[in-house]
$ cat target-v1.cif   # mmCIF, C-alpha atoms
data_structure
#
loop_
_atom_site.label_atom_id
_atom_site.label_comp_id
_atom_site.auth_asym_id
_atom_site.auth_seq_id
_atom_site.Cartn_x
_atom_site.Cartn_y
_atom_site.Cartn_z
CA MET I 20 1.89 6.80 -6.78
CA SER I 21 5.24 5.55 -5.67
CA PHE I 22 6.73 7.37 -2.74
CA ILE I 23 10.34 8.39 -3.11
CA ASN I 24 12.11 9.54 0.01
CA TYR I 25 15.28 11.31 -1.03
CA SER I 26 16.58 11.78 2.45
CA SER I 27 16.32 8.22 3.67
CA ARG I 28 16.90 7.01 0.08
CA GLU I 29 13.95 4.73 -0.20
CA ILE I 30 11.46 3.96 -2.91
CA ASN I 31 8.13 2.57 -1.79
CA CYS I 32 5.77 1.01 -4.31
CA LYS I 33 2.29 -0.36 -3.81
CA ILE I 34 1.15 -3.54 -5.49
CA VAL I 35 -2.40 -4.79 -5.23
CA TYR I 36 -3.56 -8.37 -5.76
CA TYR I 37 -7.05 -8.30 -7.23
CA GLY I 38 -9.42 -11.09 -8.16
CA PRO I 39 -12.69 -12.86 -7.33
CA GLY I 40 -13.44 -14.31 -3.89
CA LEU I 41 -11.48 -17.41 -2.90
CA CYS I 42 -9.19 -17.24 -5.93
CA GLY I 43 -6.05 -17.33 -3.76
CA LYS I 44 -4.86 -13.73 -3.35
CA THR I 45 -4.16 -14.15 0.35
CA THR I 46 -2.55 -17.53 -0.32
CA ASN I 47 -0.13 -15.80 -2.70
CA LEU I 48 0.88 -13.38 0.03
CA GLN I 49 1.16 -16.11 2.64
CA TYR I 50 3.47 -18.10 0.43
CA ILE I 51 5.67 -15.06 -0.20
CA TYR I 52 5.69 -14.35 3.51
CA ASN I 53 6.73 -17.90 4.42
CA LYS I 54 9.49 -18.08 1.85
CA THR I 55 11.22 -14.75 2.26
CA ASN I 56 14.11 -13.87 4.44
CA PRO I 57 13.01 -12.52 7.84
CA GLU I 58 15.20 -9.42 7.44
CA THR I 59 13.56 -8.37 4.22
CA LYS I 60 9.95 -8.63 5.23
CA GLY I 61 7.64 -7.04 7.73
CA LYS I 62 4.66 -8.53 9.45
CA LEU I 63 1.88 -10.00 7.36
CA ILE I 64 -1.28 -8.29 8.47
CA SER I 65 -4.52 -10.01 7.69
CA LEU I 66 -7.83 -8.40 8.48
CA SER I 67 -10.15 -11.32 8.00
CA THR I 68 -13.39 -12.80 9.33
CA GLU I 69 -13.52 -15.93 11.50
CA THR I 70 -13.95 -17.96 8.36
CA ASP I 71 -10.66 -16.64 6.96
CA ARG I 72 -12.21 -14.50 4.29
CA THR I 73 -10.40 -11.21 3.87
CA LEU I 74 -12.51 -8.44 5.32
CA PHE I 75 -10.54 -5.32 4.53
CA PHE I 76 -7.05 -6.15 3.30
CA ASP I 77 -3.92 -8.19 3.81
CA PHE I 78 -0.69 -6.28 3.88
CA LEU I 79 2.90 -7.39 3.50
CA PRO I 80 5.86 -5.03 3.28
CA LEU I 81 8.83 -6.49 1.45
CA SER I 82 12.19 -5.00 0.63
CA LEU I 83 14.03 -6.18 -2.41
CA GLY I 84 17.44 -4.58 -2.29
CA GLU I 85 19.02 -1.48 -3.67
CA ILE I 86 18.95 0.24 -7.01
CA ARG I 87 21.46 3.02 -7.43
CA GLY I 88 21.69 3.49 -3.69
CA PHE I 89 17.94 3.57 -3.20
CA LYS I 90 16.32 0.87 -1.08
CA THR I 91 13.33 -0.53 -2.91
CA ARG I 92 10.39 -1.63 -0.81
CA PHE I 93 7.19 -3.10 -2.06
CA HIS I 94 3.97 -2.97 -0.13
CA LEU I 95 1.80 -5.88 -1.18
CA TYR I 96 -1.92 -5.61 -0.57
CA THR I 97 -4.81 -7.90 -1.34
CA VAL I 98 -8.43 -6.85 -1.64
CA PRO I 99 -11.48 -8.67 -0.28
CA GLY I 100 -12.80 -10.68 -3.21
CA GLN I 101 -16.49 -10.95 -2.43
CA VAL I 102 -18.71 -8.72 -4.48
CA PHE I 103 -20.34 -6.97 -1.53
CA TYR I 104 -17.07 -5.59 -0.18
CA ASP I 105 -16.79 -3.21 -3.09
CA ALA I 106 -16.52 -0.07 -0.96
CA SER I 107 -13.40 -1.26 0.84
CA ARG I 108 -11.94 -2.63 -2.37
CA LYS I 109 -12.01 0.82 -3.91
CA LEU I 110 -10.09 2.30 -0.99
CA ILE I 111 -7.23 -0.14 -1.32
CA LEU I 112 -6.65 0.80 -4.94
CA LYS I 113 -5.73 4.33 -3.87
CA GLY I 114 -2.17 5.13 -4.82
CA VAL I 115 -1.57 1.78 -6.51
CA ASP I 116 1.54 1.33 -8.68
CA GLY I 117 0.92 -2.13 -10.05
CA VAL I 118 -1.81 -4.75 -10.13
CA VAL I 119 -1.78 -8.54 -10.13
CA PHE I 120 -5.04 -9.97 -11.34
CA VAL I 121 -5.44 -13.45 -9.86
CA ALA I 122 -7.88 -15.58 -11.82
CA ASP I 123 -9.46 -18.79 -10.58
CA SER I 124 -8.93 -21.40 -13.29
CA GLN I 125 -11.95 -23.51 -12.36
CA VAL I 126 -14.61 -23.56 -15.03
CA GLU I 127 -17.41 -22.61 -12.63
CA ARG I 128 -15.51 -19.48 -11.56
CA MET I 129 -15.17 -18.03 -15.04
CA GLU I 130 -18.06 -15.67 -14.59
CA ALA I 131 -16.70 -14.47 -11.24
CA ASN I 132 -13.34 -13.82 -12.93
CA MET I 133 -14.89 -11.72 -15.62
CA GLU I 134 -17.01 -9.81 -13.15
CA SER I 135 -13.99 -9.09 -10.96
CA LEU I 136 -11.89 -7.91 -13.89
CA GLU I 137 -14.63 -5.54 -14.97
CA ASN I 138 -14.96 -4.33 -11.38
CA LEU I 139 -11.20 -3.68 -11.28
CA ARG I 140 -11.43 -1.59 -14.42
CA VAL I 141 -14.36 0.45 -13.07
CA ASN I 142 -12.81 0.99 -9.63
CA LEU I 143 -9.48 2.04 -11.10
CA GLY I 144 -11.33 4.45 -13.32
CA GLU I 145 -13.00 6.00 -10.29
CA GLN I 146 -9.59 6.61 -8.75
CA GLY I 147 -8.41 8.23 -11.95
CA TYR I 148 -6.36 5.33 -13.28
CA ASP I 149 -6.59 3.75 -16.68
CA PHE I 150 -6.26 -0.01 -16.37
CA ASP I 151 -4.85 -0.18 -19.88
CA ARG I 152 -1.88 1.93 -18.85
CA LEU I 153 -1.19 0.65 -15.36
CA PRO I 154 1.57 -1.95 -14.87
CA ALA I 155 -0.31 -5.23 -14.51
CA VAL I 156 0.14 -8.99 -14.79
CA VAL I 157 -2.34 -11.86 -14.83
CA GLN I 158 -1.99 -15.02 -12.80
CA TYR I 159 -4.01 -18.13 -13.65
CA ASN I 160 -4.22 -19.81 -10.28
CA LYS I 161 -5.37 -23.30 -9.26
CA ARG I 162 -3.88 -24.95 -12.35
CA ASP I 163 -3.69 -28.26 -10.46
CA LEU I 164 -7.44 -28.71 -10.18
CA PRO I 165 -9.10 -31.22 -12.49
CA ASN I 166 -11.79 -28.76 -13.57
CA ALA I 167 -9.32 -26.08 -14.66
CA VAL I 168 -10.08 -24.38 -17.95
CA SER I 169 -7.33 -24.33 -20.61
CA VAL I 170 -4.97 -21.37 -20.55
CA ASP I 171 -5.94 -20.44 -24.10
CA GLU I 172 -9.53 -20.10 -23.08
CA LEU I 173 -8.67 -18.05 -19.98
CA ARG I 174 -6.43 -15.80 -21.99
CA GLY I 175 -9.14 -15.15 -24.55
CA VAL I 176 -11.54 -13.95 -21.88
CA LEU I 177 -9.32 -12.37 -19.26
CA ASN I 178 -6.24 -11.15 -21.03
CA PRO I 179 -7.07 -9.50 -24.32
CA ARG I 180 -4.25 -7.01 -23.64
CA ARG I 181 -1.73 -9.86 -23.65
CA LEU I 182 -0.29 -8.82 -20.32
CA PRO I 183 2.49 -10.97 -18.92
CA GLU I 184 0.73 -14.08 -17.63
CA TYR I 185 1.69 -16.84 -15.24
CA GLN I 186 0.25 -20.19 -14.28
CA ALA I 187 0.19 -20.84 -10.59
CA VAL I 188 -0.66 -23.24 -7.81
CA ALA I 189 -0.44 -20.77 -4.96
CA PRO I 190 -0.44 -23.13 -1.90
CA ASN I 191 2.76 -24.83 -3.07
CA GLY I 192 4.21 -21.72 -4.58
CA VAL I 193 4.20 -22.58 -8.26
CA GLY I 194 4.30 -19.32 -10.19
CA VAL I 195 3.96 -17.11 -7.12
CA PHE I 196 7.39 -15.52 -7.24
CA ASP I 197 7.38 -15.34 -11.03
CA THR I 198 4.23 -13.26 -10.80
CA LEU I 199 5.66 -10.98 -8.12
CA LYS I 200 8.91 -10.44 -9.98
CA ALA I 201 7.10 -9.66 -13.20
CA VAL I 202 4.90 -7.00 -11.63
CA ALA I 203 7.77 -5.50 -9.63
CA LYS I 204 9.78 -5.23 -12.79
CA LEU I 205 6.96 -3.53 -14.65
CA VAL I 206 6.48 -1.05 -11.81
CA LEU I 207 10.17 -0.15 -11.75
CA THR I 208 10.29 0.16 -15.52
CA GLU I 209 7.34 2.52 -15.33
CA LEU I 210 9.11 4.54 -12.65
CA LYS I 211 12.07 4.86 -14.93
CA LYS I 212 9.90 6.08 -17.79
CA GLY I 213 7.75 8.42 -15.78
CA GLY I 214 10.56 9.76 -13.64
CA MET U 2 10.66 14.23 -0.19
CA TYR U 3 13.80 16.27 0.17
CA GLU U 4 16.40 16.61 2.88
CA GLU U 5 15.52 20.14 3.97
CA GLU U 6 11.81 19.53 4.47
CA PHE U 7 12.44 16.13 5.94
CA THR U 8 14.54 17.67 8.73
CA LYS U 9 11.85 20.27 9.40
CA ILE U 10 9.13 17.66 9.52
CA ASN U 11 11.12 15.50 11.90
CA SER U 12 11.73 18.41 14.23
CA VAL U 13 8.01 19.29 14.33
CA CYS U 14 7.22 15.66 15.21
CA ASP U 15 9.92 15.55 17.89
CA ARG U 16 8.63 18.74 19.44
CA LEU U 17 5.05 17.49 19.40
CA THR U 18 6.13 14.31 21.17
CA LYS U 19 7.59 16.39 23.98
CA ASP U 20 4.91 19.10 24.12
CA ALA U 21 2.02 16.67 24.19
CA ASN U 22 3.72 14.21 26.53
CA ALA U 23 3.08 11.56 23.90
CA LYS U 24 4.59 8.13 23.62
CA LEU U 25 4.82 8.20 19.90
CA VAL U 26 4.09 10.55 17.04
CA PHE U 27 4.12 9.52 13.44
CA LEU U 28 3.25 10.92 10.09
CA VAL U 29 1.85 8.80 7.27
CA ASP U 30 0.72 9.68 3.79
CA LYS U 31 -2.78 8.59 2.83
CA ASN U 32 -1.42 5.77 0.69
CA GLY U 33 0.11 4.13 3.73
CA GLN U 34 3.73 5.22 3.44
CA LEU U 35 5.45 6.19 6.67
CA ILE U 36 7.04 9.63 6.42
CA SER U 37 8.35 10.26 9.91
CA ALA U 38 8.18 8.66 13.35
CA SER U 39 9.26 10.09 16.66
CA GLY U 40 9.24 8.89 20.28
CA GLN U 41 9.33 5.30 21.49
CA THR U 42 9.47 3.60 18.12
CA THR U 43 11.53 0.60 19.16
CA ASN U 44 9.61 -2.67 19.44
CA LEU U 45 6.88 -1.20 17.32
CA ASP U 46 6.06 -2.21 13.79
CA THR U 47 5.76 1.29 12.32
CA THR U 48 5.31 0.02 8.75
CA SER U 49 2.19 -1.88 9.74
CA LEU U 50 1.00 1.04 11.85
CA ALA U 51 1.32 3.25 8.81
CA SER U 52 -0.61 1.03 6.46
CA LEU U 53 -3.39 0.35 8.97
CA THR U 54 -3.69 4.07 9.70
CA ALA U 55 -4.10 4.80 6.03
CA GLY U 56 -6.65 1.99 5.73
CA ASN U 57 -8.55 3.37 8.68
CA VAL U 58 -8.53 6.94 7.39
CA ALA U 59 -9.68 5.72 3.99
CA ALA U 60 -12.49 3.69 5.55
CA MET U 61 -13.60 6.58 7.77
CA GLY U 62 -13.46 8.87 4.74
CA GLY U 63 -15.78 6.47 2.94
CA LEU U 64 -18.13 6.51 5.93
CA ALA U 65 -18.02 10.31 6.06
CA LYS U 66 -19.07 10.56 2.42
CA LEU U 67 -22.01 8.23 3.07
CA ILE U 68 -23.41 10.62 5.65
CA GLY U 69 -22.67 13.70 3.58
CA GLU U 70 -19.43 14.84 5.16
CA ASN U 71 -16.30 15.32 3.13
CA GLU U 72 -14.10 13.55 5.66
CA PHE U 73 -13.52 13.28 9.41
CA PRO U 74 -10.42 15.39 9.92
CA ASN U 75 -9.92 14.33 13.56
CA GLN U 76 -10.31 10.89 15.06
CA PHE U 77 -9.81 9.67 18.58
CA HIS U 78 -9.60 6.05 19.69
CA GLU U 79 -9.53 5.38 23.39
CA GLY U 80 -7.96 2.28 24.88
CA ALA U 81 -7.63 1.02 28.44
CA ARG U 82 -4.06 2.29 28.69
CA GLU U 83 -3.01 3.77 25.39
CA SER U 84 -5.05 6.06 23.21
CA LEU U 85 -4.63 7.25 19.69
CA TYR U 86 -5.45 10.57 18.13
CA MET U 87 -5.20 11.19 14.40
CA THR U 88 -5.68 14.27 12.36
CA ILE U 89 -5.51 14.91 8.64
CA VAL U 90 -2.92 17.49 7.57
CA GLY U 91 -3.59 19.23 4.28
CA THR U 92 -5.15 16.67 1.99
CA ARG U 93 -2.50 13.99 1.74
CA VAL U 94 -1.00 13.34 5.14
CA VAL U 95 -2.17 11.95 8.49
CA LEU U 96 -0.59 12.89 11.80
CA VAL U 97 -0.98 10.24 14.49
CA VAL U 98 -0.29 10.67 18.20
CA ILE U 99 -0.23 7.73 20.61
CA PHE U 100 -0.36 8.63 24.29
CA ASP U 101 -1.11 7.08 27.68
CA ASN U 102 -2.45 8.42 30.98
CA ARG U 103 0.54 10.69 31.49
CA SER U 104 -1.07 12.99 28.97
CA SER U 105 -4.67 13.96 28.22
CA LEU U 106 -6.87 14.28 25.19
CA GLY U 107 -7.18 18.04 25.69
CA LEU U 108 -3.44 18.60 25.71
CA VAL U 109 -2.90 16.31 22.74
CA ARG U 110 -5.62 18.05 20.74
CA LEU U 111 -4.22 21.47 21.45
CA ARG U 112 -0.62 20.63 20.59
CA THR U 113 -1.57 18.55 17.59
CA LYS U 114 -3.56 21.42 16.14
CA LYS U 115 -0.51 23.67 16.34
CA ALA U 116 1.85 21.08 14.89
CA SER U 117 -0.61 20.28 12.15
CA ASP U 118 -0.70 23.93 11.00
CA GLU U 119 3.09 23.99 10.85
CA LEU U 120 3.23 20.73 8.96
CA GLY U 121 0.60 21.98 6.54
CA LYS U 122 2.89 24.86 5.58
CA ILE U 123 5.89 22.60 5.11
CA PHE U 124 3.91 20.27 2.86
CA ASP U 125 2.61 23.17 0.80
CA SER U 126 6.13 24.30 0.08
CA LEU U 127 7.12 20.72 -0.64
CA ILE U 128 4.38 20.36 -3.21
CA ARG U 129 5.40 23.61 -4.87
CA LYS U 130 8.96 22.38 -5.01
CA ALA U 131 8.01 19.04 -6.50
CA ASP U 132 5.98 20.78 -9.20
CA GLY U 133 8.84 23.12 -9.99
CA PRO U 134 11.31 22.47 -12.77
CA GLY U 135 14.87 21.35 -12.49
CA ILE U 136 14.58 18.26 -10.33
CA GLY U 137 15.41 15.20 -12.36
CA SER U 138 14.31 11.78 -11.28
CA PRO U 139 17.15 9.58 -10.10
CA PHE U 140 15.51 6.75 -11.98
CA ALA U 141 15.82 8.10 -15.44
CA GLU U 142 19.21 6.44 -15.55
CA ILE U 143 18.22 3.07 -14.20
CA THR U 144 18.91 0.41 -16.73
CA ASP U 145 17.08 -2.82 -17.31
CA ALA U 146 20.18 -4.55 -15.98
CA ASP U 147 19.80 -2.73 -12.66
CA ILE U 148 16.26 -3.99 -12.39
CA ASP U 149 17.31 -7.52 -13.32
CA ASN U 150 20.00 -7.40 -10.66
CA LEU U 151 17.38 -6.97 -7.97
CA PHE U 152 15.95 -10.33 -8.84
CA SER U 153 19.13 -12.20 -9.45
CA GLU U 154 19.46 -13.74 -6.02
#
$ encode --input "target-v1.cif" --output "structure tokens"
Amino acid sequence: MSFINYSSREINCKIVYYGPGLCGKTTNLQYIYNKTNPETKGKLISLSTETDRTLFFDFLPLSLGEIRGFKTRFHLYTVPGQVFYDASRKLILKGVDGVVFVADSQVERMEANMESLENLRVNLGEQGYDFDRLPAVVQYNKRDLPNAVSVDELRGVLNPRRLPEYQAVAPNGVGVFDTLKAVAKLVLTELKKGG
Amino acid sequence: MYEEEFTKINSVCDRLTKDANAKLVFLVDKNGQLISASGQTTNLDTTSLASLTAGNVAAMGGLAKLIGENEFPNQFHEGARESLYMTIVGTRVVLVVIFDNRSSLGLVRLRTKKASDELGKIFDSLIRKADGPGIGSPFAEITDADIDNLFSE
């Protein structure tokens, strides 16, 4: 649920990056963090293990500018990808406004992608959300790797809803901002509809 | 969140800061949005504080359910110099007090309890207001062009 503060005239929205382990969710956030203006962003908080795997979440607050006199701020979160962190993953989905599903394009990660997508659907359901109605976009990450599966094939398996989709190479930023803009736009459009 | 309640909430937080001799008092909703902060907020990243608080409350809530509790309404974290006390107000909001050795856990607990009851009432009336008719969303009039403008830079 977006949080609208009428007295300080701010809208806060929560966007969650979801996807299988090591698919590049944190990398997405790191790239955004490195490329944005220092005045518009807060600290990137990463709760990770010594081996750099996300343990609980990464968090990046980002302000985008004003709409009709309201400051819009997005809180970007990532979830831990590994299967056994399911309990903490559920918690992060609380109050979510929009989801980015980051898929790993490598052929050997296809199964992990599918499992993660199913897990997203189930966990959203438990929080009372319907994945089919939540603003969401899909990002096919790691397009530069030689063992990447074709986009058609990925789409067939991971995006039957024909959500907006983007190809990305997160470490050098390809597609990262396109993905963010797309989901932010969907969230705001939803806000406009829902009121 | 409306002006009237916002002022009330801020004044409760300000008073608690004084009464409990606290360094900092802030109020966060369970989704990690900062509602109000009072006390020595300069040099402190309150946005991060807010989101980590919410994460912590959510994690402790998960733990509570595992052992058959509904949630842990009060939490205390003791540091070498600074300590942190958090309490859940109503069902949606968390009140956090950060204090050092100029205050004590007993005092903070006592004052927080009182402030939390007051805040509970304010939030109840806020929820009733939000459910009531007649308040249009300011976003109904946002156009696609407005949204595009955000991303034009």
$ atom_distance --input "target-v1.cif" --atom1 "CA of Arg140 in chain I" --atom2 "CA of Val115 in chain I"
13.1 Å
$ resolve_selection --input "target-v1.cif" --expression "the PyMOL selection byres ((chain I) within 7 of (chain U))" --output "MDAnalysis selection string"
chainID I and resid 23:26 83:84 86 107 110 113:114 204 210:212 214
$ resolve_selection --input "target-v1.cif" --expression "the PyMOL selection byres ((chain U and resi 75-89) around 12)" --output "ChimeraX atom specification"
/U:21,23-31,50-51,54-55,57-59,61-62,65,72-74,90-118,120-121
$ write_last_selection --input "target-v1.cif" --atoms "C-alpha atoms" --output "mmCIF file, in the frame of the given file"
data_model
loop_
_atom_site.group_PDB
_atom_site.id
_atom_site.type_symbol
_atom_site.label_atom_id
_atom_site.label_comp_id
_atom_site.auth_asym_id
_atom_site.auth_seq_id
_atom_site.Cartn_x
_atom_site.Cartn_y
_atom_site.Cartn_z
ATOM 1 C CA ALA U 21 2.020 16.670 24.190
ATOM 2 C CA ALA U 23 3.080 11.560 23.900
ATOM 3 C CA LYS U 24 4.590 8.130 23.620
ATOM 4 C CA LEU U 25 4.820 8.200 19.900
ATOM 5 C CA VAL U 26 4.090 10.550 17.040
ATOM 6 C CA PHE U 27 4.120 9.520 13.440
ATOM 7 C CA LEU U 28 3.250 10.920 10.090
ATOM 8 C CA VAL U 29 1.850 8.800 7.270
ATOM 9 C CA ASP U 30 0.720 9.680 3.790
ATOM 10 C CA LYS U 31 -2.780 8.590 2.830
ATOM 11 C CA LEU U 50 1.000 1.040 11.850
ATOM 12 C CA ALA U 51 1.320 3.250 8.810
ATOM 13 C CA THR U 54 -3.690 4.070 9.700
ATOM 14 C CA ALA U 55 -4.100 4.800 6.030
ATOM 15 C CA ASN U 57 -8.550 3.370 8.680
ATOM 16 C CA VAL U 58 -8.530 6.940 7.390
ATOM 17 C CA ALA U 59 -9.680 5.720 3.990
ATOM 18 C CA MET U 61 -13.600 6.580 7.770
ATOM 19 C CA GLY U 62 -13.460 8.870 4.740
ATOM 20 C CA ALA U 65 -18.020 10.310 6.060
ATOM 21 C CA GLU U 72 -14.100 13.550 5.660
ATOM 22 C CA PHE U 73 -13.520 13.280 9.410
ATOM 23 C CA PRO U 74 -10.420 15.390 9.920
ATOM 24 C CA VAL U 90 -2.920 17.490 7.570
ATOM 25 C CA GLY U 91 -3.590 19.230 4.280
ATOM 26 C CA THR U 92 -5.150 16.670 1.990
ATOM 27 C CA ARG U 93 -2.500 13.990 1.740
ATOM 28 C CA VAL U 94 -1.000 13.340 5.140
ATOM 29 C CA VAL U 95 -2.170 11.950 8.490
ATOM 30 C CA LEU U 96 -0.590 12.890 11.800
ATOM 31 C CA VAL U 97 -0.980 10.240 14.490
ATOM 32 C CA VAL U 98 -0.290 10.670 18.200
ATOM 33 C CA ILE U 99 -0.230 7.730 20.610
ATOM 34 C CA PHE U 100 -0.360 8.630 24.290
ATOM 35 C CA ASP U 101 -1.110 7.080 27.680
ATOM 36 C CA ASN U 102 -2.450 8.420 30.980
ATOM 37 C CA ARG U 103 0.540 10.690 31.490
ATOM 38 C CA SER U 104 -1.070 12.990 28.970
ATOM 39 C CA SER U 105 -4.670 13.960 28.220
ATOM 40 C CA LEU U 106 -6.870 14.280 25.190
ATOM 41 C CA GLY U 107 -7.180 18.040 25.690
ATOM 42 C CA LEU U 108 -3.440 18.600 25.710
ATOM 43 C CA VAL U 109 -2.900 16.310 22.740
ATOM 44 C CA ARG U 110 -5.620 18.050 20.740
ATOM 45 C CA LEU U 111 -4.220 21.470 21.450
ATOM 46 C CA ARG U 112 -0.620 20.630 20.590
ATOM 47 C CA THR U 113 -1.570 18.550 17.590
ATOM 48 C CA LYS U 114 -3.560 21.420 16.140
ATOM 49 C CA LYS U 115 -0.510 23.670 16.340
ATOM 50 C CA ALA U 116 1.850 21.080 14.890
ATOM 51 C CA SER U 117 -0.610 20.280 12.150
ATOM 52 C CA ASP U 118 -0.700 23.930 11.000
ATOM 53 C CA LEU U 120 3.230 20.730 8.960
ATOM 54 C CA GLY U 121 0.600 21.980 6.540
#
$ resolve_selection --input "target-v1.cif" --expression "the PyMOL selection byres ((chain U and resi 15) around 10)" --output "list in words"
Lys9, Ile10, Asn11, Ser12, Val13, Cys14, Arg16, Leu17, Thr18, Lys19, Asp20, Ala23, Leu25, Val26, Phe27, Ser37, Ala38, Ser39 and Gly40 of chain U
$ write_last_selection --input "target-v1.cif" --atoms "C-alpha atoms" --output "PDB file, in the coordinates of the input"
ATOM      1  CA  LYS U   9      11.850  20.270   9.400  1.00  0.00           C
ATOM      2  CA  ILE U  10       9.130  17.660   9.520  1.00  0.00           C
ATOM      3  CA  ASN U  11      11.120  15.500  11.900  1.00  0.00           C
ATOM      4  CA  SER U  12      11.730  18.410  14.230  1.00  0.00           C
ATOM      5  CA  VAL U  13       8.010  19.290  14.330  1.00  0.00           C
ATOM      6  CA  CYS U  14       7.220  15.660  15.210  1.00  0.00           C
ATOM      7  CA  ARG U  16       8.630  18.740  19.440  1.00  0.00           C
ATOM      8  CA  LEU U  17       5.050  17.490  19.400  1.00  0.00           C
ATOM      9  CA  THR U  18       6.130  14.310  21.170  1.00  0.00           C
ATOM     10  CA  LYS U  19       7.590  16.390  23.980  1.00  0.00           C
ATOM     11  CA  ASP U  20       4.910  19.100  24.120  1.00  0.00           C
ATOM     12  CA  ALA U  23       3.080  11.560  23.900  1.00  0.00           C
ATOM     13  CA  LEU U  25       4.820   8.200  19.900  1.00  0.00           C
ATOM     14  CA  VAL U  26       4.090  10.550  17.040  1.00  0.00           C
ATOM     15  CA  PHE U  27       4.120   9.520  13.440  1.00  0.00           C
ATOM     16  CA  SER U  37       8.350  10.260   9.910  1.00  0.00           C
ATOM     17  CA  ALA U  38       8.180   8.660  13.350  1.00  0.00           C
ATOM     18  CA  SER U  39       9.260  10.090  16.660  1.00  0.00           C
ATOM     19  CA  GLY U  40       9.240   8.890  20.280  1.00  0.00           C
TER      20      GLY U  40
END
$ atom_distance --input "target-v1.cif" --atom1 "CA of Tyr37 in chain I" --atom2 "CA of Lys90 in chain I"
25.8 Å
$ residues_around --input "target-v1.cif" --residues "Ala131 in chain I" --least-positions-apart "3" --cutoff "12 Å" --atoms "all atoms listed in the file" --output "PyMOL selection string"
chain I and resi 38-42+100-102+121-128+134-138+176-177
$ decode --input "target-v1.cif" --residues "range 40-79 of chain I" --atoms "C-alpha atoms" --output "PDB file, in the first residue's frame"
ATOM      1  CA  GLY I  40      19.328 -16.652  -6.166  1.00  0.00           C
ATOM      2  CA  LEU I  41      22.225 -14.933  -7.940  1.00  0.00           C
ATOM      3  CA  CYS I  42      20.041 -13.589 -10.743  1.00  0.00           C
ATOM      4  CA  GLY I  43      21.242 -10.007 -10.163  1.00  0.00           C
ATOM      5  CA  LYS I  44      18.611  -8.266  -8.023  1.00  0.00           C
ATOM      6  CA  THR I  45      21.189  -6.618  -5.794  1.00  0.00           C
ATOM      7  CA  THR I  46      23.285  -5.741  -8.845  1.00  0.00           C
ATOM      8  CA  ASN I  47      20.288  -3.875 -10.254  1.00  0.00           C
ATOM      9  CA  LEU I  48      20.032  -1.820  -7.090  1.00  0.00           C
ATOM     10  CA  GLN I  49      23.762  -1.198  -6.934  1.00  0.00           C
ATOM     11  CA  TYR I  50      23.767   0.113 -10.467  1.00  0.00           C
ATOM     12  CA  ILE I  51      20.851   2.439  -9.734  1.00  0.00           C
ATOM     13  CA  TYR I  52      22.614   3.593  -6.603  1.00  0.00           C
ATOM     14  CA  ASN I  53      25.862   4.348  -8.428  1.00  0.00           C
ATOM     15  CA  LYS I  54      24.205   6.233 -11.249  1.00  0.00           C
ATOM     16  CA  THR I  55      21.742   8.442  -9.440  1.00  0.00           C
ATOM     17  CA  ASN I  56      22.216  11.924  -8.185  1.00  0.00           C
ATOM     18  CA  PRO I  57      23.363  12.016  -4.540  1.00  0.00           C
ATOM     19  CA  GLU I  58      20.543  14.406  -3.607  1.00  0.00           C
ATOM     20  CA  THR I  59      17.839  12.093  -4.807  1.00  0.00           C
ATOM     21  CA  LYS I  60      18.926   8.913  -3.141  1.00  0.00           C
ATOM     22  CA  GLY I  61      19.415   7.633   0.364  1.00  0.00           C
ATOM     23  CA  LYS I  62      21.863   5.077   1.617  1.00  0.00           C
ATOM     24  CA  LEU I  63      21.900   1.647   0.031  1.00  0.00           C
ATOM     25  CA  ILE I  64      21.487  -0.805   2.849  1.00  0.00           C
ATOM     26  CA  SER I  65      22.576  -4.336   2.207  1.00  0.00           C
ATOM     27  CA  LEU I  66      22.050  -7.036   4.777  1.00  0.00           C
ATOM     28  CA  SER I  67      24.191  -9.783   3.344  1.00  0.00           C
ATOM     29  CA  THR I  68      26.402 -12.689   4.388  1.00  0.00           C
ATOM     30  CA  GLU I  69      30.196 -12.633   4.092  1.00  0.00           C
ATOM     31  CA  THR I  70      29.852 -14.200   0.686  1.00  0.00           C
ATOM     32  CA  ASP I  71      27.715 -11.288  -0.516  1.00  0.00           C
ATOM     33  CA  ARG I  72      24.494 -13.213  -0.691  1.00  0.00           C
ATOM     34  CA  THR I  73      21.545 -11.162   0.473  1.00  0.00           C
ATOM     35  CA  LEU I  74      20.441 -12.379   3.871  1.00  0.00           C
ATOM     36  CA  PHE I  75      17.382 -10.297   4.601  1.00  0.00           C
ATOM     37  CA  PHE I  76      17.013  -7.445   2.143  1.00  0.00           C
ATOM     38  CA  ASP I  77      18.692  -4.603   0.310  1.00  0.00           C
ATOM     39  CA  PHE I  78      17.015  -1.258   0.550  1.00  0.00           C
ATOM     40  CA  LEU I  79      17.386   1.899  -1.501  1.00  0.00           C
TER      41      LEU I  79
END
